[in-house]
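The file query38.txt contains compact mmCIF, C-alpha atoms:
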# COMPACT_ATOMS: atom_id res chain seq x y z
CA MET H 1 34.98 -38.90 32.43
CA ASP H 2 34.66 -37.50 35.91
CA ILE H 3 31.01 -37.26 36.95
CA LYS H 4 31.82 -35.01 39.92
CA ASN H 5 33.33 -32.37 37.62
CA ILE H 6 30.14 -32.16 35.50
CA PHE H 7 28.09 -31.01 38.48
CA THR H 8 30.70 -28.58 39.78
CA ASP H 9 31.70 -27.10 36.39
CA GLU H 10 30.64 -23.43 36.33
CA ASP H 11 31.67 -22.55 32.77
CA ALA H 12 28.90 -20.79 30.78
CA VAL H 13 28.33 -19.38 27.32
CA SER H 14 30.65 -16.55 26.55
CA PRO H 15 29.22 -13.07 27.34
CA VAL H 16 29.89 -12.07 23.72
CA ILE H 17 27.53 -14.78 22.44
CA GLY H 18 24.89 -13.59 24.89
CA VAL H 19 25.17 -10.00 23.66
CA ILE H 20 24.93 -11.12 20.02
CA LEU H 21 21.78 -13.11 20.76
CA MET H 22 20.17 -10.17 22.59
CA VAL H 23 20.94 -7.79 19.69
CA ALA H 24 19.52 -10.27 17.17
CA ILE H 25 16.31 -10.67 19.18
CA THR H 26 15.98 -6.86 19.48
CA VAL H 27 16.43 -6.34 15.71
CA ILE H 28 13.85 -9.01 14.87
CA LEU H 29 11.31 -7.56 17.31
CA ALA H 30 11.89 -4.04 15.94
CA ALA H 31 11.29 -5.27 12.38
CA VAL H 32 8.05 -7.04 13.33
CA ILE H 33 6.71 -4.10 15.33
CA GLY H 34 7.74 -1.63 12.58
CA THR H 35 5.85 -3.66 9.99
CA PHE H 36 2.65 -3.51 12.01
CA VAL H 37 3.01 0.17 12.93
CA LEU H 38 3.78 1.34 9.39
CA GLY H 39 1.12 -0.93 7.86
CA LEU H 40 3.47 -2.40 5.29
CA GLY H 41 1.54 -5.68 5.33
CA ASP H 42 -1.67 -3.92 4.31
CA GLN H 43 -0.07 -2.28 1.27
CA VAL H 44 0.89 -5.62 -0.22
CA GLN H 45 -2.72 -6.80 -0.17
CA ASN H 46 -4.16 -3.57 -1.59
CA ASN H 47 -2.44 -3.34 -4.95
CA ALA H 48 -4.57 -2.11 -7.84
CA PRO H 49 -5.79 -4.79 -10.23
CA GLN H 50 -4.00 -4.70 -13.57
CA ALA H 51 -6.34 -3.98 -16.48
CA THR H 52 -6.48 -2.12 -19.78
CA PHE H 53 -9.12 0.42 -20.73
CA SER H 54 -9.91 2.23 -23.96
CA PHE H 55 -11.58 5.61 -24.36
CA ASP H 56 -13.99 6.61 -27.13
CA TYR H 57 -14.68 10.31 -27.61
CA THR H 58 -17.88 11.51 -29.30
CA GLU H 59 -19.10 15.09 -29.58
CA ASP H 60 -22.35 15.16 -27.62
CA GLY H 61 -23.76 18.25 -29.31
CA SER H 62 -25.14 19.81 -26.11
CA THR H 63 -22.62 22.65 -26.27
CA ALA H 64 -19.65 23.52 -28.43
CA ASP H 65 -16.54 21.51 -27.61
CA SER H 66 -18.45 19.10 -25.35
CA TYR H 67 -17.69 15.38 -25.55
CA GLU H 68 -19.16 12.15 -24.32
CA VAL H 69 -16.34 9.86 -23.15
CA VAL H 70 -16.98 6.11 -22.97
CA ALA H 71 -14.39 4.15 -20.98
CA THR H 72 -14.41 0.42 -21.75
CA HIS H 73 -12.62 -2.33 -19.80
CA ASP H 74 -10.71 -4.19 -22.54
CA GLY H 75 -9.05 -6.93 -20.50
CA GLY H 76 -7.04 -7.87 -17.45
CA ASP H 77 -8.13 -8.29 -13.84
CA THR H 78 -11.74 -7.97 -12.73
CA PHE H 79 -12.59 -5.21 -10.26
CA THR H 80 -14.77 -6.70 -7.50
CA ASN H 81 -16.17 -5.61 -4.15
CA GLU H 82 -13.38 -7.62 -2.48
CA ASN H 83 -10.55 -5.63 -4.11
CA THR H 84 -12.24 -2.31 -4.95
CA ASN H 85 -14.11 0.34 -3.01
CA SER H 86 -14.76 2.51 -6.07
CA LEU H 87 -13.77 2.75 -9.71
CA VAL H 88 -14.43 6.21 -11.12
CA VAL H 89 -14.12 7.79 -14.55
CA GLN H 90 -13.07 11.34 -13.80
CA GLY H 91 -12.32 14.30 -16.03
CA THR H 92 -11.16 17.77 -15.10
CA ASP H 93 -11.78 20.50 -17.67
CA ASP H 94 -9.96 23.82 -18.06
CA SER H 95 -12.18 25.56 -15.48
CA SER H 96 -11.21 22.90 -12.92
CA ALA H 97 -14.76 21.55 -12.73
CA THR H 98 -14.70 17.88 -11.83
CA ILE H 99 -17.16 15.58 -13.59
CA SER H 100 -17.36 11.93 -12.54
CA GLU H 101 -19.47 8.81 -12.85
CA ALA H 102 -18.70 5.54 -11.08
CA PHE H 103 -18.83 2.10 -12.60
CA GLY H 104 -21.49 -0.07 -10.95
CA LEU H 105 -19.64 -2.74 -8.94
CA SER H 106 -22.59 -4.99 -8.07
CA GLY H 107 -21.35 -7.84 -10.28
CA GLY H 108 -17.81 -6.54 -10.68
CA VAL H 109 -16.23 -4.70 -13.58
CA SER H 110 -14.73 -7.05 -16.13
CA ALA H 111 -13.83 -7.08 -19.82
CA GLY H 112 -16.53 -5.47 -21.95
CA ASP H 113 -18.03 -3.27 -19.20
CA SER H 114 -18.11 0.46 -19.82
CA ALA H 115 -19.00 3.77 -18.16
CA THR H 116 -19.85 7.11 -19.73
CA LEU H 117 -18.61 10.56 -18.78
CA ASN H 118 -20.66 13.44 -20.25
CA GLY H 119 -19.70 17.06 -20.74
CA ALA H 120 -15.93 16.74 -21.02
CA GLY H 121 -14.39 19.72 -22.81
CA ASP H 122 -11.58 19.91 -25.37
CA GLY H 123 -8.25 18.76 -23.95
CA THR H 124 -9.78 17.37 -20.77
CA ASP H 125 -7.63 14.73 -19.07
CA VAL H 126 -9.76 11.68 -18.32
CA ARG H 127 -8.66 9.11 -15.73
CA ILE H 128 -10.00 5.91 -14.27
CA ILE H 129 -9.23 6.04 -10.56
CA TRP H 130 -9.24 2.89 -8.41
CA THR H 131 -9.71 3.00 -4.63
CA SER H 132 -8.87 -0.06 -2.50
CA ALA H 133 -11.57 -1.94 -0.61
CA ASN H 134 -10.42 -0.44 2.71
CA GLY H 135 -10.13 3.05 1.18
CA GLY H 136 -6.44 3.34 2.06
CA ASN H 137 -4.92 3.31 -1.42
CA THR H 138 -5.78 4.93 -4.74
CA ALA H 139 -4.22 4.49 -8.16
CA THR H 140 -4.80 5.77 -11.68
CA VAL H 141 -5.56 2.63 -13.70
CA ALA H 142 -5.88 4.31 -17.12
CA SER H 143 -5.83 7.81 -18.56
CA GLY H 144 -6.57 9.61 -21.79
CA THR H 145 -7.12 13.09 -23.18
CA VAL H 146 -10.17 14.41 -25.03
CA PRO H 147 -9.07 15.60 -28.48
CA SER H 148 -8.94 19.33 -29.11

Take the structure from the file and write it as structure tokens.
Amino acid sequence: MDIKNIFTDEDAVSPVIGVILMVAITVILAAVIGTFVLGLGDQVQNNAPQATFSFDYTEDGSTADSYEVVATHDGGDTFTNENTNSLVVQGTDDSSATISEAFGLSGGVSAGDSATLNGAGDGTDVRIIWTSANGGNTATVASGTVPS
């Protein structure tokens, strides 16, 4: 081995390898920046808890075709202040009037908890709507229809 040749050797990495490395670095940086800009990381953490609800419909007698709807959490994940901003039972009747009452989240909403919606008319679609803790996402957790 010639020691003098090691210090005078001017061979370098091929320019093609250099271009490939620069393109790879650019693609990785674009993916990281795109994730932050589009907020894709936040969406993963703000998925709606998975739970089942049942609806009980009782004529409330205040007016004809008026029902009291009781939504009961039957099982699944607990809705807490850490994963939920609001959990609302909402019904929209034929005249497009919106009636809603929120579950109380002070201790969380878990199996056995219920909320009541009064004044729902015949055929009203009733939904339980979840809103994420940061308010960025909403999802319909359960839905039902008042009998006609």

Could you jot down the atom CA of Ala31 of chain H to atom CA of Val16 of chain H separation for me, Å, one decimal place?
22.8 Å

What's the separation between atom CA of Ala115 of chain H and atom CA of Gly144 of chain H, in Å to one decimal place?
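Going from atom CA of Ala115 of chain H over to atom CA of Gly144 of chain H, I get 14.2 Å.
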
Long-range neighbours of Ser148 of chain H as an MDAnalysis selection string, 9 Å cut-off, all atoms listed in the file, 6 positions minimum in chain
chainID H and resid 65 121:124

Do you know which residues lie at most 12 Å from (-4.0, -1.2, -4.5), with coordinates as in the file and only C-alpha atoms counted, and could you write them as a list in words?
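Within 12 Å of (-4.0, -1.2, -4.5), the protein and nucleic acid residues are Asp42, Gln43, Val44, Gln45, Asn46, Asn47, Ala48, Pro49, Gln50, Phe79, Glu82, Asn83, Thr84, Asn85, Ser86, Leu87, Ile129, Trp130, Thr131, Ser132, Ala133, Asn134, Gly135, Gly136, Asn137, Thr138, Ala139, Thr140 and Val141 of chain H.
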
Hey, which of H:Ala30, H:Arg127, H:Ser106, H:Gly91 ends up closest to Tyr67 of chain H? Count all atoms listed in the file.
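Ranked by minimum distance to Tyr67 of chain H, first place goes to H:Gly91.
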